[in-house]
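Below: one structure, written as structure tokens.
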Amino acid sequence: MDLTARPRRLRRDGIRGLVSETDLSASDLIAPVFVDATTDERIPIGSMPGHERVPIDEAVDRVAEIRETGVEAVIVFGIPESKDAEGSRAWAAEGVVQEAVRQITTETDAYVITDVCLCEYTEHGHCGVIEPHAHDEPTLTVENDPTLELLAKTAVSHAEAGADMVAPSSMTDGMVGAIREALDEEGHADVPIMSYAAKYESAFYGPFRDAADGAPAFGDRRHYQMDPANSREAIREVELDVEQGADVLMVKPALPYLDIVRDVRERFDHPVAAYNVSGEYAMLHAAAEKGWLDLEETAYESLLSIKRAGADLILTYFAEDIADRL
Ligand code: PBG
């Protein structure tokens with residue numbers, strides 16, 4: 001054969017690494033941590049092998065374990081001791097996230113991000129205010145504007161507790177602007193916002209809803225999270241968050257939405273984050289348990305693909321395992 005181009009020449013050991021286009025490193029990864037105010041023992045999360053809900057006074061130990069693998073950043077989710085109609089434990093100064101963050105930031109060097117949402121704190125499990133008895137009505141939806149104030153209070157309470165960055169995830173219109181304004185007013189102009197800018201109404205969040213006890217008690221989240229059928233709408237969502245002052249733009253989930261990660265990467269110069277969600281983690285574990293897939297190889301390939309698509313940061317339940325390998 002008279003072939004001049006033989007791409008295989010560059011696939012051999014020795015040259016492979018030199019021509020590799022994408023790098024994955026522990027400093028790209030953010031590990032989720034679940035802190036549970038209702039327990040004084042660690043509780044394994046059945047649908048997410050290797051992950052646990054930890055009591056508040058083990059939050060520091062949990063973060064230290066993560067740091068040992070080389071992962072420097074965590075995102076904290078809270079399971080409160082009680083829920084109510086408004087979700088008032090979300091912004092309580094002594095709430096579960098506030099307490100855990102205070103301890104983590106005092107005792108470790110981790111970069112601490114907090115998820116700002118109400119779904120783990122409301123009895124109805126939705127991400128904002130629901131008008132009383134609205135669940136009897138077919139047109140149920142979260143009230144957008146009254147929710148903004150509660151999200152802003154929650155973000156400020158996280159910053160007061162020492163959070164390095166806040167990450168609003170409720171898909172409330174105007175949430176980034178409302179939070180930016182409140183943080184600035186309260187003297188937290190230095191706290192950046194990582195917006196869950198393009199967050200889809202995805203069935204891949206299933207295991208998380210067990211983990212954080214945040215499943216909606218009725219209805220679903222189609223009224224506020226995005227339709228998986230849409231991609232141009234994601235650009236509009238991201239644009240709005242950029243106008244309102246978002247510092248980091250997140251796409252969620254990651255693997256089924258790599259086209260969106262790429263679109264956002266191409267259209268904006270902000271750092272782009274992708275959330276490799278609970279279902280993406282659980283399905284690899286389930287297949288590996290059956291002996292159908294190699295867990296570490298598929299996890300590594302997944303994260304590499306997310307970076308290749310254009311993400312700078314990846315939120316992932318694989319953070320510790322993959323950082324250990326790196
Ligand atoms: C809170 C929130 C959710 C996730 C992150 N923040 C749940 C949801 O929107 O239903 C999902 C994370 C995952 O599945 O790993 N709103």
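Chain identifiers are assigned as A, B, and so on, following the order in which chains appear in the structure tokens; residues are numbered from 1 within each chain, and ligands are numbered from 1 in order of appearance.
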- [ ] Within 9 Å of stretch 217-231 of chain A, counting only C-alpha atoms, which residues show up once you throw out same-chain ones fewer than 2 positions away? Write them as number ranges by chain, please.
- [x] A: 123-127, 135, 140-142, 144, 170-173, 198-202, 214-215, 233-235, 257, 259-260, 263
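Excluding A:Ile314 itself and any same-chain residue fewer than 3 positions from it, the protein and nucleic acid residues within 9 Å of it, counting only C-alpha atoms, are A:Asp28, A:Leu29, A:Ile30, A:Ala31, A:Ala254, A:Val272, A:Ala273, A:Ala274, A:Tyr275, A:Asn276, A:Leu303, A:Ile306, A:Lys307, A:Ala311, A:Ala319.
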Task: Nearby polymer residues, ligand 1, at most 7 Å, only C-alpha atoms and all ligand atoms, as a PyMOL selection string - done: chain A and resi 115+117+119+127+169-170+204-209+214-215+276-279
Task: Among listed residues A:Ile56, A:Ala211, A:Leu258, A:Ala110, nearest A:Ala73 (using only C-alpha atoms) - done: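 Using only C-alpha atoms, A:Ala73 sits closest to A:Ala110.
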Task: Surrounding residues of A:Val71 excluding itself and chain neighbours under 6 positions, 12 Å, only C-alpha atoms, as an NGL selection string - done: :A and (24-32 or 63-65 or 109-112 or 313-326)
- [ ] Identify, on the basis of only C-alpha atoms, every residue whose closest approach to A:Ala59 does not exceed 10 Å; exclude the query and any residue fewer than 2 positions from it along the same chain; express the result as a list in words.
- [x]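 Surrounding residues, per the criterion: Val33, Phe34, Val35, Asp36, Arg53, Val54, Pro55, Ile56, Asp57, Asp61, Arg62, Val63, Ala64, Glu65, Val76, Val97, Glu99, Ala100, Val101, Gln103 and Ile104 of chain A.
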Task: Expected answer as an MDAnalysis selection string: strand (DSSP E or B) residues in stretch 13-224 of chain A - done: chainID A and resid 29:36 43:44 52:54 73:79 84 111:116 122 129 143 165:168 193:200
Written file, previous selection with N, CA and C atoms, as a short mmCIF file (atom, residue, chain, number, x, y, z; two decimals), in the first residue's frame:
```cif
data_model
loop_
_atom_site.label_atom_id
_atom_site.label_comp_id
_atom_site.auth_asym_id
_atom_site.auth_seq_id
_atom_site.Cartn_x
_atom_site.Cartn_y
_atom_site.Cartn_z
N LEU A 29 -11.65 18.68 39.36
CA LEU A 29 -12.80 17.93 39.89
C LEU A 29 -13.37 18.53 41.17
N ILE A 30 -14.68 18.43 41.29
CA ILE A 30 -15.39 18.88 42.49
C ILE A 30 -16.19 17.69 43.03
N ALA A 31 -15.98 17.36 44.29
CA ALA A 31 -16.64 16.19 44.88
C ALA A 31 -17.86 16.60 45.69
N PRO A 32 -19.02 16.00 45.43
CA PRO A 32 -20.21 16.28 46.24
C PRO A 32 -20.11 15.62 47.63
N VAL A 33 -20.59 16.34 48.63
CA VAL A 33 -20.60 15.84 50.00
C VAL A 33 -22.01 16.02 50.56
N PHE A 34 -22.55 14.97 51.17
CA PHE A 34 -23.90 15.05 51.74
C PHE A 34 -23.80 15.08 53.26
N VAL A 35 -24.28 16.16 53.85
CA VAL A 35 -24.24 16.28 55.31
C VAL A 35 -25.68 16.19 55.83
N ASP A 36 -25.87 15.31 56.81
CA ASP A 36 -27.22 14.97 57.26
C ASP A 36 -27.38 15.32 58.75
N ILE A 43 -24.40 7.15 56.90
CA ILE A 43 -25.41 6.29 56.27
C ILE A 43 -25.03 6.07 54.80
N PRO A 44 -24.72 4.82 54.41
CA PRO A 44 -24.40 4.58 53.00
C PRO A 44 -25.60 4.90 52.11
N GLU A 52 -21.86 8.36 51.07
CA GLU A 52 -22.58 8.29 52.34
C GLU A 52 -23.13 9.66 52.69
N ARG A 53 -24.16 9.64 53.51
CA ARG A 53 -24.56 10.88 54.19
C ARG A 53 -23.78 10.90 55.49
N VAL A 54 -23.14 12.01 55.79
CA VAL A 54 -22.37 12.05 57.04
C VAL A 54 -22.99 13.03 58.03
N ALA A 73 -11.70 20.65 45.81
CA ALA A 73 -12.96 21.37 45.97
C ALA A 73 -14.11 20.41 46.25
N VAL A 74 -15.05 20.87 47.08
CA VAL A 74 -16.25 20.07 47.37
C VAL A 74 -17.49 20.93 47.16
N ILE A 75 -18.60 20.28 46.87
CA ILE A 75 -19.89 20.97 46.89
C ILE A 75 -20.74 20.30 47.96
N VAL A 76 -21.27 21.12 48.87
CA VAL A 76 -21.96 20.60 50.05
C VAL A 76 -23.47 20.64 49.84
N PHE A 77 -24.12 19.50 50.10
CA PHE A 77 -25.57 19.40 50.11
C PHE A 77 -26.01 19.07 51.53
N GLY A 78 -27.14 19.62 51.95
CA GLY A 78 -27.59 19.38 53.32
C GLY A 78 -28.92 18.64 53.38
N ILE A 79 -29.03 17.76 54.38
CA ILE A 79 -30.31 17.16 54.72
C ILE A 79 -30.67 17.73 56.09
N ASP A 84 -40.25 22.34 56.23
CA ASP A 84 -41.54 23.03 56.36
C ASP A 84 -41.97 23.52 54.98
N TYR A 111 -11.70 24.07 49.05
CA TYR A 111 -12.50 25.13 48.45
C TYR A 111 -13.95 24.67 48.55
N VAL A 112 -14.76 25.44 49.26
CA VAL A 112 -16.10 24.96 49.61
C VAL A 112 -17.19 25.69 48.82
N ILE A 113 -17.90 24.92 48.04
CA ILE A 113 -19.03 25.43 47.24
C ILE A 113 -20.30 24.91 47.91
N THR A 114 -21.37 25.70 47.88
CA THR A 114 -22.63 25.20 48.42
C THR A 114 -23.70 25.21 47.34
N ASP A 115 -24.54 24.18 47.38
CA ASP A 115 -25.70 24.12 46.49
C ASP A 115 -26.79 24.98 47.11
N VAL A 116 -27.30 25.93 46.35
CA VAL A 116 -28.36 26.80 46.87
C VAL A 116 -29.68 26.40 46.24
N THR A 122 -38.00 21.82 51.76
CA THR A 122 -39.46 22.01 51.74
C THR A 122 -40.16 20.66 51.89
N VAL A 129 -41.21 28.32 46.31
CA VAL A 129 -42.49 28.56 47.00
C VAL A 129 -43.65 27.97 46.19
N GLU A 143 -43.83 29.27 42.48
CA GLU A 143 -43.97 30.72 42.29
C GLU A 143 -42.59 31.32 42.11
N MET A 165 -17.88 29.73 47.45
CA MET A 165 -18.65 29.97 46.23
C MET A 165 -20.04 29.40 46.43
N VAL A 166 -21.05 30.03 45.80
CA VAL A 166 -22.41 29.49 45.91
C VAL A 166 -22.89 29.04 44.52
N ALA A 167 -23.71 27.99 44.53
CA ALA A 167 -24.15 27.41 43.26
C ALA A 167 -25.67 27.21 43.28
N PRO A 168 -26.41 28.21 42.77
CA PRO A 168 -27.87 28.10 42.76
C PRO A 168 -28.34 27.10 41.70
N ILE A 193 -20.42 33.18 41.91
CA ILE A 193 -21.61 32.34 41.69
C ILE A 193 -21.36 31.38 40.53
N MET A 194 -21.51 30.09 40.85
CA MET A 194 -21.51 29.09 39.78
C MET A 194 -22.97 28.74 39.54
N SER A 195 -23.49 29.19 38.41
CA SER A 195 -24.92 28.97 38.16
C SER A 195 -25.16 27.62 37.49
N TYR A 196 -26.13 26.89 38.01
CA TYR A 196 -26.65 25.75 37.26
C TYR A 196 -27.46 26.41 36.15
N ALA A 197 -26.77 26.83 35.09
CA ALA A 197 -27.39 27.71 34.09
C ALA A 197 -28.31 26.93 33.16
N ALA A 198 -27.80 25.82 32.62
CA ALA A 198 -28.62 24.97 31.76
C ALA A 198 -28.83 23.65 32.49
N LYS A 199 -29.88 23.63 33.30
CA LYS A 199 -30.18 22.43 34.07
C LYS A 199 -31.46 21.82 33.52
N TYR A 200 -31.34 20.59 33.07
CA TYR A 200 -32.45 19.92 32.41
C TYR A 200 -33.30 19.12 33.38
#
```
Task: Test item: residues at most 10 Å from A:Asp269, only C-alpha atoms, excluding those fewer than 3 positions along its chain, as a list in words - done: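 In the requested format, the answer is Val248, Leu249, Val264, Arg265, Glu266 and Val272 of chain A.
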